[in-house]
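One structure is given below, encoded as structure tokens.
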Amino acid sequence: MNVFSKATARLMGATALLALSSLSATAQTYPNKAITLVVPFAAGGPTDLVARLLGATMTRSLGQPVVVENRAGAGGTVATNYIAKAAPDGYTFLIHHNGMATAPSLYRKLPFNPLTDFEYVSQVIDVPMTLIGRKDLPPNDFKELVAYLRANGNKINLAHAGLGAVSHLCSVLFRQAIGVELTTIPFSGTGPAMNALLGGQVDLMCDQTTGTTPQIKAGNVKLYGVTTSARLKTMPEAPTLAEQGLTGFQMVVWHGVYAPKGTPKVALDRFGAALTAALKDPSVVTKLNELGSVIPPDDKLTPAGLQTWLQQETQRYAPVIKAAGQFAD
């Protein structure tokens, strides 16, 4: 080996050692400041509620604040695009639901690719949905509701949280299932949509149990059914839409956590471990169960589990959305 080769080898070795040292230092010091968990919907909605519950628990284990930031707009794409272009430093994460899988089919010009522009952290929770109406809506059960909708058609207002939101997807599937066109009204999130329903400005909404359970139990809205194949343990008195004759209509909202592409593995691993620990915290489990949520099995609480699921769901929703003809620029 000549002098030049020896010098090059020493330089490469020193560089590698420096990189390993830097990586070790990052692992030991991360996190050293607040972490932002972005919610792509308005404050007060189901995803926001889950983010704040998990963030508070993760703050204790990480030793730094996990700050929830709401960036609502365009069915979640505003926040998702923000994360896709954010600095991959391990201090910015996104919690999102089925909208990550539906966006490629819903939007003709999507400024990001959900399958390639993010790092995967973990699935979080699965949440059933409920079909609810304003308190003084005339129908008292689902059979009466369907007859009422078929008689009144587009006079009925159906609220949702914007194009691409799961409440929007649920409304599309529901209208297809009963064969009735309804007037849909988009809001900037399910929080504002719920407020409109409580205030009597809209008639119906399909939303997650994390957001609707308190209002249902308080008697502030009418419950017409849940979207699962079996009754919920938390609301055993609530019939499913399937048992009331709406066969083939089942919908569960799943959530996942993502980071900008290129986020250091040490940050992904540390944040992911804190997230998994929060999902197994007894107080968190109790609260989520009370809201009808289900924590996925361990094989889904991994980056690979989330990636596989997102790919499958993207393929599943594409033909459904195409058949509905629901698109946006």
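Simple scheme: letters A, B, ... for chains in structure tokens order, numbers from 1 for residues in each chain, numbers from 1 for ligands in the order shown.
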
*Determine which residues of range 17-243 of chain A DSSP labels as strand (DSSP E or B) from the backbone of this structure, then write them out as a PyMOL selection string.*
chain A and resi 35-39+66-70+92-96+107+118-134+157-160+183-186+204-208+221-226+240

Residues from the last selection, N, CA and C atoms, saved as a compact mmCIF listing (two decimals), in the first residue's frame:
```
# COMPACT_ATOMS: atom_id res chain seq x y z
N ILE A 35 -40.85 17.94 21.03
CA ILE A 35 -41.19 17.24 19.80
C ILE A 35 -42.61 17.65 19.40
N THR A 36 -42.80 17.91 18.12
CA THR A 36 -44.11 18.31 17.62
C THR A 36 -44.81 17.12 16.97
N LEU A 37 -46.03 16.84 17.42
CA LEU A 37 -46.87 15.81 16.83
C LEU A 37 -48.01 16.53 16.10
N VAL A 38 -47.98 16.50 14.79
CA VAL A 38 -48.93 17.25 13.98
C VAL A 38 -50.20 16.44 13.75
N VAL A 39 -51.33 17.07 13.99
CA VAL A 39 -52.65 16.50 13.72
C VAL A 39 -53.22 17.23 12.51
N VAL A 66 -44.13 16.61 24.28
CA VAL A 66 -44.66 16.24 22.97
C VAL A 66 -45.84 17.18 22.74
N VAL A 67 -45.61 18.16 21.88
CA VAL A 67 -46.58 19.23 21.66
C VAL A 67 -47.46 18.91 20.46
N VAL A 68 -48.75 18.90 20.66
CA VAL A 68 -49.69 18.63 19.57
C VAL A 68 -49.97 19.93 18.82
N GLU A 69 -49.81 19.87 17.51
CA GLU A 69 -50.06 21.04 16.66
C GLU A 69 -51.11 20.68 15.62
N ASN A 70 -52.16 21.47 15.53
CA ASN A 70 -53.24 21.23 14.57
C ASN A 70 -52.98 22.02 13.30
N THR A 92 -40.29 16.28 14.44
CA THR A 92 -41.61 16.53 13.84
C THR A 92 -42.20 15.21 13.36
N PHE A 93 -43.40 14.89 13.83
CA PHE A 93 -44.09 13.65 13.47
C PHE A 93 -45.53 13.98 13.08
N LEU A 94 -46.16 13.03 12.42
CA LEU A 94 -47.55 13.17 11.97
C LEU A 94 -48.37 11.98 12.46
N ILE A 95 -49.55 12.25 12.98
CA ILE A 95 -50.51 11.18 13.25
C ILE A 95 -51.67 11.36 12.28
N HIS A 96 -51.98 10.33 11.53
CA HIS A 96 -53.01 10.43 10.49
C HIS A 96 -53.78 9.12 10.44
N TYR A 107 -57.25 12.78 -4.81
CA TYR A 107 -56.70 14.01 -5.33
C TYR A 107 -55.94 13.78 -6.63
N PHE A 118 -42.32 9.25 3.29
CA PHE A 118 -42.34 9.29 4.76
C PHE A 118 -41.59 8.10 5.35
N GLU A 119 -41.19 8.29 6.60
CA GLU A 119 -40.70 7.18 7.40
C GLU A 119 -41.90 6.67 8.22
N TYR A 120 -41.97 5.37 8.41
CA TYR A 120 -43.07 4.77 9.15
C TYR A 120 -42.65 4.55 10.60
N VAL A 121 -43.54 4.84 11.52
CA VAL A 121 -43.25 4.62 12.94
C VAL A 121 -44.07 3.46 13.48
N SER A 122 -45.41 3.59 13.43
CA SER A 122 -46.25 2.55 14.02
C SER A 122 -47.71 2.83 13.73
N GLN A 123 -48.52 1.77 13.68
CA GLN A 123 -49.95 1.97 13.79
C GLN A 123 -50.26 2.37 15.23
N VAL A 124 -51.43 2.93 15.45
CA VAL A 124 -51.74 3.41 16.79
C VAL A 124 -53.01 2.75 17.32
N ILE A 125 -54.16 3.13 16.77
CA ILE A 125 -55.42 2.56 17.25
C ILE A 125 -56.38 2.33 16.09
N ASP A 126 -57.31 1.43 16.29
CA ASP A 126 -58.42 1.22 15.37
C ASP A 126 -59.68 1.73 16.06
N VAL A 127 -60.49 2.48 15.32
CA VAL A 127 -61.67 3.11 15.91
C VAL A 127 -62.91 2.82 15.07
N PRO A 128 -63.97 2.26 15.67
CA PRO A 128 -65.23 2.09 14.95
C PRO A 128 -65.85 3.45 14.65
N MET A 129 -66.82 3.45 13.74
CA MET A 129 -67.54 4.68 13.44
C MET A 129 -69.01 4.52 13.81
N THR A 130 -69.67 5.65 13.96
CA THR A 130 -71.08 5.66 14.33
C THR A 130 -71.83 6.58 13.38
N LEU A 131 -73.06 6.21 13.07
CA LEU A 131 -73.94 7.09 12.31
C LEU A 131 -74.87 7.76 13.30
N ILE A 132 -74.76 9.09 13.39
CA ILE A 132 -75.53 9.83 14.38
C ILE A 132 -76.31 10.95 13.71
N GLY A 133 -77.37 11.41 14.38
CA GLY A 133 -78.18 12.50 13.88
C GLY A 133 -78.44 13.53 14.96
N ARG A 134 -78.91 14.70 14.54
CA ARG A 134 -79.25 15.73 15.52
C ARG A 134 -80.36 15.20 16.44
N ASN A 157 -79.07 17.24 5.27
CA ASN A 157 -77.67 17.65 5.29
C ASN A 157 -76.83 16.61 6.03
N LEU A 158 -75.76 16.17 5.39
CA LEU A 158 -74.84 15.20 5.98
C LEU A 158 -73.48 15.86 6.13
N ALA A 159 -73.05 16.07 7.36
CA ALA A 159 -71.79 16.77 7.62
C ALA A 159 -70.60 15.83 7.54
N HIS A 160 -69.46 16.37 7.12
CA HIS A 160 -68.20 15.62 7.19
C HIS A 160 -67.05 16.58 7.38
N THR A 183 -77.37 15.98 0.63
CA THR A 183 -76.56 17.19 0.56
C THR A 183 -75.44 17.10 1.59
N THR A 184 -74.20 17.06 1.15
CA THR A 184 -73.07 16.94 2.07
C THR A 184 -72.47 18.32 2.33
N ILE A 185 -72.10 18.56 3.57
CA ILE A 185 -71.53 19.85 3.96
C ILE A 185 -70.16 19.60 4.60
N PRO A 186 -69.09 20.07 3.96
CA PRO A 186 -67.74 19.86 4.51
C PRO A 186 -67.40 20.91 5.58
N LEU A 204 -77.11 14.93 9.92
CA LEU A 204 -76.45 13.65 10.14
C LEU A 204 -74.94 13.79 10.08
N MET A 205 -74.25 12.82 10.66
CA MET A 205 -72.80 12.74 10.55
C MET A 205 -72.36 11.32 10.84
N CYS A 206 -71.34 10.88 10.16
CA CYS A 206 -70.71 9.59 10.42
C CYS A 206 -69.34 9.89 11.00
N ASP A 207 -69.09 9.47 12.24
CA ASP A 207 -67.83 9.85 12.89
C ASP A 207 -67.36 8.77 13.85
N GLN A 208 -66.10 8.91 14.26
CA GLN A 208 -65.45 7.92 15.11
C GLN A 208 -66.00 7.94 16.54
N VAL A 221 -77.18 13.52 20.95
CA VAL A 221 -77.40 13.15 19.55
C VAL A 221 -78.16 11.83 19.50
N LYS A 222 -78.72 11.52 18.34
CA LYS A 222 -79.37 10.24 18.14
C LYS A 222 -78.40 9.27 17.48
N LEU A 223 -78.30 8.08 18.02
CA LEU A 223 -77.44 7.05 17.46
C LEU A 223 -78.29 6.10 16.60
N TYR A 224 -77.87 5.95 15.33
CA TYR A 224 -78.60 5.06 14.43
C TYR A 224 -77.87 3.74 14.18
N GLY A 225 -76.61 3.64 14.61
CA GLY A 225 -75.90 2.38 14.47
C GLY A 225 -74.40 2.55 14.43
N VAL A 226 -73.69 1.44 14.64
CA VAL A 226 -72.24 1.42 14.57
C VAL A 226 -71.81 0.66 13.31
N THR A 240 -75.60 -2.69 15.32
CA THR A 240 -74.78 -2.40 14.14
C THR A 240 -75.69 -2.07 12.97
```

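Residues in contact with Leu279 in chain A at 10 Å, where only C-alpha atoms are counted and same-chain residues fewer than 3 positions away are skipped, are listed as Leu53, Leu54, Thr57, Met58, Val124, Ile125, Ala273, Ala274, Leu275, Thr276, Pro282, Ser283, Val284, Val285, Leu288, Ile295, Pro296 and Leu301 of chain A.
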
_Residues near Thr228 in chain A, cut-off 8 Å, only C-alpha atoms, skip fewer than 3 positions along chain, as a ChimeraX atom specification_ = /A:128-129,231-232,240-242,250-252

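Considering only C-alpha atoms, the residue among A:Ala101, A:Tyr91, A:Ala79, A:Lys33 positioned nearest to Pro65 in chain A is A:Lys33.
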
_Residue nearest Pro88 in chain A - candidates A:Leu62, A:Ala218, A:Ala318, A:Val266, atoms counted: only C-alpha atoms_ = A:Val266

_One number please: CA of Thr227 in chain A to CA of Phe249 in chain A, in Å, one decimal._
6.8 Å

*Using only C-alpha atoms, which residue out of A:Ile83, A:Leu246, A:Ala51, A:Val78 lies closest to Gln176 in chain A?*
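Closest to Gln176 in chain A, using only C-alpha atoms: A:Leu246.
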
*Hey, what's within 12 Å of Ile178 in chain A if we count only C-alpha atoms and toss same-chain stuff fewer than 3 positions away? As a list in words, please?*
Phe142, Lys143, Leu145, Val146, Ala147, Tyr148, Leu149, Arg150, Gly153, Ser171, Val172, Leu173, Phe174, Arg175, Glu181, Leu182, Leu241, Gly245, Leu246, Thr247, Gly248 and Phe249 of chain A

Can you write out the residues you just picked, keeping C-alpha atoms, as a PDB file, in the first residue's frame?
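File produced: part.pdb:
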```
ATOM      1  CA  PHE A 142     -82.227   3.075  11.377  1.00  0.00           C
ATOM      2  CA  LYS A 143     -85.192   1.595   9.507  1.00  0.00           C
ATOM      3  CA  LEU A 145     -84.073   6.815   9.027  1.00  0.00           C
ATOM      4  CA  VAL A 146     -83.678   5.097   5.663  1.00  0.00           C
ATOM      5  CA  ALA A 147     -87.360   5.644   4.858  1.00  0.00           C
ATOM      6  CA  TYR A 148     -87.041   9.277   5.925  1.00  0.00           C
ATOM      7  CA  LEU A 149     -83.962   9.822   3.742  1.00  0.00           C
ATOM      8  CA  ARG A 150     -85.569   8.220   0.712  1.00  0.00           C
ATOM      9  CA  GLY A 153     -83.562  13.082  -0.464  1.00  0.00           C
ATOM     10  CA  SER A 171     -70.645   9.434   3.965  1.00  0.00           C
ATOM     11  CA  VAL A 172     -69.740   8.339   0.420  1.00  0.00           C
ATOM     12  CA  LEU A 173     -70.062   4.648   1.292  1.00  0.00           C
ATOM     13  CA  PHE A 174     -73.295   5.237   3.201  1.00  0.00           C
ATOM     14  CA  ARG A 175     -74.927   7.084   0.308  1.00  0.00           C
ATOM     15  CA  GLU A 181     -78.182  11.360  -2.738  1.00  0.00           C
ATOM     16  CA  LEU A 182     -77.846  13.637   0.268  1.00  0.00           C
ATOM     17  CA  LEU A 241     -75.879  -1.101  10.771  1.00  0.00           C
ATOM     18  CA  GLY A 245     -80.146  -4.569   7.167  1.00  0.00           C
ATOM     19  CA  LEU A 246     -77.257  -2.537   5.734  1.00  0.00           C
ATOM     20  CA  THR A 247     -75.158  -5.540   4.716  1.00  0.00           C
ATOM     21  CA  GLY A 248     -71.612  -5.079   3.479  1.00  0.00           C
ATOM     22  CA  PHE A 249     -71.245  -1.696   5.169  1.00  0.00           C
TER      23      PHE A 249
END
```

*Which of range 159-205 of chain A fall in helix (DSSP H, G or I), as a list in words*: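 Matching residues for helix (DSSP H, G or I) in range 159-205 of chain A are Val166, Ser167, His168, Leu169, Cys170, Ser171, Val172, Leu173, Phe174, Arg175, Gln176, Ala177, Ile178, Thr190, Gly191, Pro192, Ala193, Met194, Asn195, Ala196, Leu197 and Leu198 of chain A.
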
*Quick one: residues within 10 Å of Gly90 in chain A, only C-alpha atoms counted, chain neighbours fewer than 4 positions away excluded, as a ChimeraX atom specification?*
/A:30-31,35-36,259-260,262-268,270-271

_Counting only C-alpha atoms, which residue out of A:Leu197, A:Ala87, A:Val180, A:Leu310 sits closest to Leu137 in chain A?_
A:Leu197

_What does the structure give for the distance between CA of Leu106 in chain A and CA of Ala165 in chain A, in Å to one decimal?_
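Separation of CA of Leu106 in chain A and CA of Ala165 in chain A: 10.3 Å.
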
_Contact residues around Pro111 in chain A with only C-alpha atoms at 12 Å, ignoring same-chain residues under 4 positions, as number ranges by chain_ = A: 77-85, 103-104, 107, 117, 329

*Nearest to His255 in chain A: which of A:Met194, A:Leu163, A:Ala43, A:Leu306 is it, counting only C-alpha atoms?*
A:Leu306

*Counting only C-alpha atoms, the option among A:Ala86, A:Ile216, A:Ala177, A:Met100 closest to Gln311 in chain A*: A:Met100
